[in-house]
Every structure is written in C-alpha cells, then in structure tokens.
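Trainee: My structure is in coords.cif, and what it holds is mmCIF, C-alpha atoms:
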```
data_data
loop_
_atom_site.group_PDB
_atom_site.id
_atom_site.type_symbol
_atom_site.label_atom_id
_atom_site.label_comp_id
_atom_site.auth_asym_id
_atom_site.auth_seq_id
_atom_site.Cartn_x
_atom_site.Cartn_y
_atom_site.Cartn_z
ATOM 1 C CA MET A 1 -32.056 15.544 -20.632
ATOM 2 C CA ALA A 2 -28.609 14.103 -19.959
ATOM 3 C CA THR A 3 -25.575 16.010 -21.120
ATOM 4 C CA GLN A 4 -22.073 14.818 -21.889
ATOM 5 C CA LEU A 5 -19.806 14.727 -18.849
ATOM 6 C CA PHE A 6 -17.233 16.852 -20.645
ATOM 7 C CA GLU A 7 -16.454 18.490 -23.938
ATOM 8 C CA VAL A 8 -13.304 19.908 -25.440
ATOM 9 C CA LYS A 9 -13.450 23.636 -26.224
ATOM 10 C CA ASN A 10 -10.457 25.535 -27.566
ATOM 11 C CA GLY A 11 -8.173 22.645 -26.636
ATOM 12 C CA LYS A 12 -9.347 22.503 -22.995
ATOM 13 C CA ILE A 13 -11.680 20.095 -21.244
ATOM 14 C CA GLU A 14 -14.854 21.670 -19.915
ATOM 15 C CA TRP A 15 -16.583 19.447 -17.333
ATOM 16 C CA HIS A 16 -20.389 19.215 -16.957
ATOM 17 C CA PRO A 17 -20.947 16.904 -13.962
ATOM 18 C CA HIS A 18 -24.294 16.338 -12.276
ATOM 19 C CA LYS A 19 -24.552 17.224 -8.582
ATOM 20 C CA PHE A 20 -23.800 13.699 -7.352
ATOM 21 C CA GLN A 21 -20.612 13.494 -9.418
ATOM 22 C CA VAL A 22 -19.566 16.840 -7.917
ATOM 23 C CA GLN A 23 -20.188 15.445 -4.420
ATOM 24 C CA ALA A 24 -18.100 12.345 -5.163
ATOM 25 C CA TRP A 25 -15.258 14.447 -6.591
ATOM 26 C CA ALA A 26 -15.269 16.709 -3.526
ATOM 27 C CA SER A 27 -15.272 13.909 -0.952
ATOM 28 C CA HIS A 28 -12.207 13.345 1.211
ATOM 29 C CA ALA A 29 -13.588 10.183 2.820
ATOM 30 C CA ARG A 30 -11.210 7.243 2.836
ATOM 31 C CA PHE A 31 -13.762 5.154 0.941
ATOM 32 C CA PRO A 32 -16.307 7.520 -0.587
ATOM 33 C CA ILE A 33 -19.172 5.261 -1.584
ATOM 34 C CA VAL A 34 -21.125 6.198 -4.668
ATOM 35 C CA LEU A 35 -24.525 4.472 -4.648
ATOM 36 C CA LYS A 36 -26.162 4.815 -8.012
ATOM 37 C CA GLY A 37 -28.598 3.265 -10.407
ATOM 38 C CA TRP A 38 -27.997 2.060 -13.904
ATOM 39 C CA ARG A 39 -26.347 4.643 -16.132
ATOM 40 C CA GLY A 40 -25.585 6.823 -13.106
ATOM 41 C CA GLY A 41 -22.403 8.214 -14.629
ATOM 42 C CA PHE A 42 -19.827 6.854 -12.186
ATOM 43 C CA THR A 43 -17.656 4.959 -14.667
ATOM 44 C CA SER A 44 -17.384 7.937 -16.999
ATOM 45 C CA SER A 45 -16.606 10.325 -14.125
ATOM 46 C CA SER A 46 -14.095 8.031 -12.405
ATOM 47 C CA ALA A 47 -11.162 9.338 -14.463
ATOM 48 C CA LYS A 48 -11.775 12.871 -13.185
ATOM 49 C CA TRP A 49 -12.077 11.576 -9.604
ATOM 50 C CA LEU A 50 -8.817 9.651 -10.045
ATOM 51 C CA LEU A 51 -7.073 12.793 -11.357
ATOM 52 C CA ASN A 52 -8.242 14.720 -8.291
ATOM 53 C CA GLU A 53 -7.051 11.908 -6.012
ATOM 54 C CA MET A 54 -3.653 11.806 -7.728
ATOM 55 C CA LYS A 55 -3.224 15.567 -7.320
ATOM 56 C CA ARG A 56 -4.127 15.257 -3.629
ATOM 57 C CA CYS A 57 -2.059 12.151 -2.775
ATOM 58 C CA GLY A 58 1.013 12.805 -4.911
ATOM 59 C CA PRO A 59 3.142 10.707 -7.237
ATOM 60 C CA GLY A 60 3.828 7.015 -6.953
ATOM 61 C CA ASP A 61 7.091 5.141 -7.303
ATOM 62 C CA LEU A 62 8.362 1.605 -7.890
ATOM 63 C CA ASN A 63 6.642 0.382 -4.728
ATOM 64 C CA ARG A 64 3.404 2.402 -4.723
ATOM 65 C CA SER A 65 0.873 2.753 -7.540
ATOM 66 C CA TYR A 66 -2.687 3.795 -8.228
ATOM 67 C CA PHE A 67 -5.254 1.219 -9.326
ATOM 68 C CA ALA A 68 -8.348 0.898 -11.504
ATOM 69 C CA ILE A 69 -10.229 -2.277 -10.598
ATOM 70 C CA SER A 70 -13.175 -3.909 -12.360
ATOM 71 C CA PRO A 71 -14.898 -7.266 -11.832
ATOM 72 C CA THR A 72 -13.415 -8.829 -14.994
ATOM 73 C CA HIS A 73 -11.158 -7.981 -17.901
ATOM 74 C CA GLN A 74 -14.235 -7.813 -20.154
ATOM 75 C CA VAL A 75 -16.054 -5.316 -17.899
ATOM 76 C CA GLY A 76 -12.957 -3.152 -17.344
ATOM 77 C CA GLY A 77 -12.079 -3.211 -21.020
ATOM 78 C CA LYS A 78 -15.503 -1.878 -21.974
ATOM 79 C CA GLY A 79 -15.949 0.796 -19.312
ATOM 80 C CA LEU A 80 -13.421 1.883 -16.715
ATOM 81 C CA LEU A 81 -10.142 1.570 -18.625
ATOM 82 C CA PRO A 82 -11.432 3.291 -21.801
ATOM 83 C CA ALA A 83 -12.859 6.108 -19.637
ATOM 84 C CA ILE A 84 -9.466 6.638 -18.004
ATOM 85 C CA GLU A 85 -7.669 6.342 -21.341
ATOM 86 C CA THR A 86 -9.944 8.949 -22.953
ATOM 87 C CA VAL A 87 -9.337 11.511 -20.228
ATOM 88 C CA LEU A 88 -5.715 10.870 -19.195
ATOM 89 C CA CYS A 89 -4.206 9.825 -22.538
ATOM 90 C CA THR A 90 -6.308 11.422 -25.259
ATOM 91 C CA TYR A 91 -7.503 14.730 -23.837
ATOM 92 C CA TYR A 92 -5.040 15.694 -21.102
ATOM 93 C CA GLN A 93 -2.133 13.686 -22.574
ATOM 94 C CA TYR A 94 -0.856 13.007 -19.042
ATOM 95 C CA ALA A 95 -0.306 9.279 -19.574
ATOM 96 C CA THR A 96 0.351 6.477 -22.001
ATOM 97 C CA TYR A 97 -1.598 3.212 -21.894
ATOM 98 C CA ASN A 98 -0.104 -0.249 -22.376
ATOM 99 C CA ARG A 99 -3.027 -2.483 -23.331
ATOM 100 C CA SER A 100 -1.066 -5.712 -22.933
ATOM 101 C CA ASP A 101 -0.572 -5.257 -19.178
ATOM 102 C CA HIS A 102 -3.442 -2.777 -18.563
ATOM 103 C CA THR A 103 -1.085 -0.152 -17.132
ATOM 104 C CA PHE A 104 -1.171 3.620 -17.508
ATOM 105 C CA THR A 105 2.176 5.390 -17.075
ATOM 106 C CA ILE A 106 2.153 9.082 -16.216
ATOM 107 C CA THR A 107 4.443 10.992 -18.602
ATOM 108 C CA GLU A 108 6.935 13.698 -17.617
ATOM 109 C CA GLU A 109 4.481 16.304 -18.906
ATOM 110 C CA GLY A 110 1.710 14.694 -16.863
ATOM 111 C CA GLU A 111 3.852 14.721 -13.714
ATOM 112 C CA ARG A 112 4.622 18.407 -14.193
ATOM 113 C CA ALA A 113 0.936 19.203 -14.674
ATOM 114 C CA LEU A 114 -0.217 17.091 -11.705
ATOM 115 C CA TRP A 115 2.582 17.687 -9.179
ATOM 116 C CA GLY A 116 4.807 20.459 -10.526
ATOM 117 C CA HIS A 117 7.884 18.238 -10.903
ATOM 118 C CA THR A 118 9.113 14.996 -12.432
ATOM 119 C CA GLN A 119 10.802 12.020 -10.852
ATOM 120 C CA LYS A 120 12.995 9.146 -11.965
ATOM 121 C CA GLU A 121 10.366 6.406 -11.534
ATOM 122 C CA ARG A 122 7.112 7.048 -13.344
ATOM 123 C CA THR A 123 3.797 6.890 -11.517
ATOM 124 C CA LYS A 124 1.534 4.068 -12.698
ATOM 125 C CA ILE A 125 -2.160 3.276 -12.661
ATOM 126 C CA ILE A 126 -2.574 -0.478 -12.780
ATOM 127 C CA GLY A 127 -5.707 -2.088 -14.213
ATOM 128 C CA CYS A 128 -6.755 -4.958 -11.917
ATOM 129 C CA TYR A 129 -9.562 -7.504 -12.017
ATOM 130 C CA ALA A 130 -11.496 -8.708 -8.978
ATOM 131 C CA GLU A 131 -12.121 -12.158 -10.418
ATOM 132 C CA ASN A 132 -8.431 -12.777 -9.574
ATOM 133 C CA PRO A 133 -7.615 -10.901 -6.328
ATOM 134 C CA GLU A 134 -4.228 -12.613 -6.117
ATOM 135 C CA SER A 135 -3.153 -10.541 -9.138
ATOM 136 C CA PHE A 136 -3.029 -7.402 -6.985
ATOM 137 C CA ALA A 137 -2.377 -8.911 -3.546
ATOM 138 C CA SER A 138 1.259 -7.737 -3.422
ATOM 139 C CA MET A 139 0.564 -4.196 -4.629
ATOM 140 C CA THR A 140 0.761 -1.137 -2.369
ATOM 141 C CA ALA A 141 -1.875 1.297 -3.574
ATOM 142 C CA ILE A 142 -1.871 5.033 -3.003
ATOM 143 C CA GLY A 143 -5.495 5.182 -4.126
ATOM 144 C CA GLY A 144 -7.722 4.430 -7.049
ATOM 145 C CA VAL A 145 -11.142 3.565 -8.328
ATOM 146 C CA ALA A 146 -13.202 0.381 -8.073
ATOM 147 C CA ASP A 147 -16.028 -0.002 -10.557
ATOM 148 C CA GLU A 148 -19.062 -2.302 -10.505
ATOM 149 C CA ILE A 149 -18.226 -3.979 -7.201
ATOM 150 C CA CYS A 150 -21.713 -5.505 -6.913
ATOM 151 C CA GLN A 151 -21.272 -7.628 -10.001
ATOM 152 C CA LYS A 152 -21.162 -11.351 -9.199
ATOM 153 C CA LYS A 153 -17.638 -11.737 -10.591
ATOM 154 C CA PHE A 154 -16.292 -9.092 -8.196
ATOM 155 C CA LYS A 155 -15.193 -11.610 -5.576
ATOM 156 C CA HIS A 156 -15.814 -10.761 -1.940
ATOM 157 C CA ASN A 157 -12.177 -11.438 -0.990
ATOM 158 C CA ALA A 158 -11.160 -8.934 -3.690
ATOM 159 C CA TRP A 159 -12.804 -6.195 -1.613
ATOM 160 C CA THR A 160 -10.859 -7.344 1.465
ATOM 161 C CA THR A 161 -7.615 -7.440 -0.529
ATOM 162 C CA LEU A 162 -8.346 -4.017 -2.015
ATOM 163 C CA ARG A 163 -8.854 -2.452 1.426
ATOM 164 C CA ALA A 164 -5.583 -3.992 2.627
ATOM 165 C CA ARG A 165 -3.715 -2.671 -0.419
ATOM 166 C CA CYS A 166 -5.081 0.841 0.309
ATOM 167 C CA SER A 167 -4.470 0.751 4.047
ATOM 168 C CA THR A 168 -2.077 3.715 3.905
ATOM 169 C CA ALA A 169 -4.096 5.883 1.515
ATOM 170 C CA SER A 170 -7.610 6.351 0.173
ATOM 171 C CA GLY A 171 -9.558 4.533 -2.512
ATOM 172 C CA MET A 172 -12.877 4.972 -4.255
ATOM 173 C CA VAL A 173 -15.639 2.386 -4.099
ATOM 174 C CA ALA A 174 -18.739 2.421 -6.272
ATOM 175 C CA PRO A 175 -21.351 -0.218 -5.516
ATOM 176 C CA ASN A 176 -24.154 -0.251 -8.059
ATOM 177 C CA ASN A 177 -27.367 -0.187 -6.015
ATOM 178 C CA ALA A 178 -29.419 -1.376 -8.981
ATOM 179 C CA GLY A 179 -27.373 -4.487 -9.691
ATOM 180 C CA PRO A 180 -26.964 -7.940 -8.166
ATOM 181 C CA GLY A 181 -24.747 -8.590 -5.176
ATOM 182 C CA LEU A 182 -25.605 -5.605 -2.988
ATOM 183 C CA ASP A 183 -26.525 -7.987 -0.182
ATOM 184 C CA ARG A 184 -22.945 -9.263 0.173
#
```
Show the structure stored in the file as structure tokens.

Mentor:
Amino acid sequence: MATQLFEVKNGKIEWHPHKFQVQAWASHARFPIVLKGWRGGFTSSSAKWLLNEMKRCGPGDLNRSYFAISPTHQVGGKGLLPAIETVLCTYYQYATYNRSDHTFTITEEGERALWGHTQKERTKIIGCYAENPESFASMTAIGGVADEICQKKFKHNAWTTLRARCSTASGMVAPNNAGPGLDR
C-alpha cells in the first residue's frame, strides 16, 4: 500500500520516502538518473531533492539560478511546479511563487534556513519548458530538476541545452522508463 510522501505533524514535515527516493536524494552524481515506471513518485519527491541540492550547492545570484524543467507548460503546471510550490512555499515557507513568470524566489527566512545567511540578490528557481529550449539557453544553472524528459514534447536539443546550462554544477534528470521517447 502506497503512503503519502510526507505529512505535517506539529508544524513540521515528516518525510516517508520509498527506498528509491532515498537513493535519489542521497546521490551526489552530476546527473543522477531516476528510471521509474508510471506513478513512481519522482515528481512529488523532486522538491525534496531540489532542497537537498540547494543546501549542498549554495545560494544563487543575479547570474546563477536553479531550474525546474518540464516538457511543456501544461505538464509542469500540473506536476512539477505545484510539487515544488507545496513544499517550498506552503509547508517550509522558504519561497514565494510568481505564477506569471513561473519563478520561485527564496525569501530571507528561506535563505537563513538553507544557508545560514541572507544576501542582497535573492536565489531563484526558474520554471522552464523543453518545448522551447531557447527560453533557457542564456541561463547559468547551479542545479535543478528535469521531469518527464521522455515525453515527446521534451525536445532532444533541450537536453543538450540543459547540460550546457549546468556545466559548472549538477542537475537531476528523470527519464520515465514506462513512457514514449526512451529510445532517443
């Protein structure tokens, strides 16, 4: 029987990951690949992985951000971005979310909790869409999460662009082994 990934008890988040989510969270590989089937729990656990990555890699600035990439706006708006918003904005209250530009901004309180200090320029997590790789071609990414990369609308050159944007840091990749496009 599946359990919820997390629950809030006495104002604190209590995580209940399955063993493969724990392995993904613990990985220090540059591109930890999470092969999974349908309903494997990656999208819902990606916010926790991103938090761990942000703690490890440190804050961003005007020139360096984190990313959350999905094949399309519709896919990201239904899965990855709401998962990040639930964890970072609602439960931890580390960030605010601007839906019009799909950007999370880490608050002063969030910076203190993640890195022990604040800075003048706020760290951002930018929601990107692989159907338009040019939209993130100029970005320098510290790290981030990529969801549903085997979907047909996740363009192949988006993966190349994503790797280039992360060339100085790490990023998470999650191909869905049960979906189309794995043969790319």

Trainee: Near A:Gly58, counting only C-alpha atoms, which residues have an atom at most 9 Å away, once you skip same-chain residues fewer than 6 positions from it, shown as a ChimeraX atom specification?

Mentor: /A:114-115,142

Trainee: Of the residues A:Thr86, A:Gly110, A:Trp49, A:Gly143, which is the one nearest to A:Ser167, using all atoms listed in the file?

Mentor: A:Gly143

Trainee: Which residues are near A:Phe6? Cut-off 6 Å, only C-alpha atoms, ignore same chain within fewer than 2 positions. Put them as number ranges by chain.

Mentor: A: 4, 14-16

Trainee: Can you translate the PyMOL selection byres ((chain A and resi 94) around 8) into the concrete residues it hits in this file, as a PyMOL selection string?

Mentor: chain A and resi 88-89+92-93+95-96+106-111+113

Trainee: Would you be able to write out as a ChimeraX atom specification which residues have an atom within 9 Å of (-16.0, -8.8, -4.7) in the file's coordinates, counting all atoms listed in the file?

Mentor: /A:71,130-131,133,149-160,181,184

Trainee: Applying 12 Å and all atoms listed in the file, which residues near A:Asn52 remain after dropping the ones on its own chain fewer than 2 positions away? List them as a list in words.

Mentor: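 That gives Val22, Ala24, Trp25, Ala26, Ser27, His28, Ser45, Ser46, Ala47, Lys48, Trp49, Leu50, Met54, Lys55, Arg56, Cys57, Gly58, Leu88, Leu114, Trp115, Gly143, Gly144, Val145, Ser170, Gly171 and Met172 of chain A.
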
Trainee: Please identify all polymer residues within 10 Å of A:His102, counting all atoms listed in the file, omitting same-chain residues fewer than 4 positions from it, and present them as a list in words.

Mentor: Ala68, His73, Gly76, Gly77, Leu81, Tyr97, Asn98, Ile125, Ile126, Gly127 and Cys128 of chain A

Trainee: From the set A:His18, A:His117, A:Lys78, A:Arg165, which residue has the shortest atom-to-atom contact distance to A:Ser135, counting all atoms listed in the file?

Mentor: A:Arg165

Trainee: When you draw a straight line from atom CA of A:Ala141 to atom CA of A:Glu53, how long is it in Å?

Mentor: 12.1 Å

Trainee: In Å, with one decimal, what is the gap from atom CA of A:Thr140 to atom CA of A:Ser65?

Mentor: 6.5 Å

Trainee: Provide an axis-aligned box for all listed atoms of stretch 114-117 of chain A, padding each side by 4 Å; report its centre and its edge lengths in Å to one decimal, as lines of an AutoDock Vina configuration file.

Mentor:
```
center_x = 3.8
center_y = 18.8
center_z = -10.4
size_x = 16.1
size_y = 11.4
size_z = 10.5
```

Trainee: Give me, please, the distance in Å between atom CA of A:Thr90 and atom CA of A:Leu5, quoted to one decimal.

Mentor: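 One can read the atom CA of A:Thr90 to atom CA of A:Leu5 distance as 15.3 Å.
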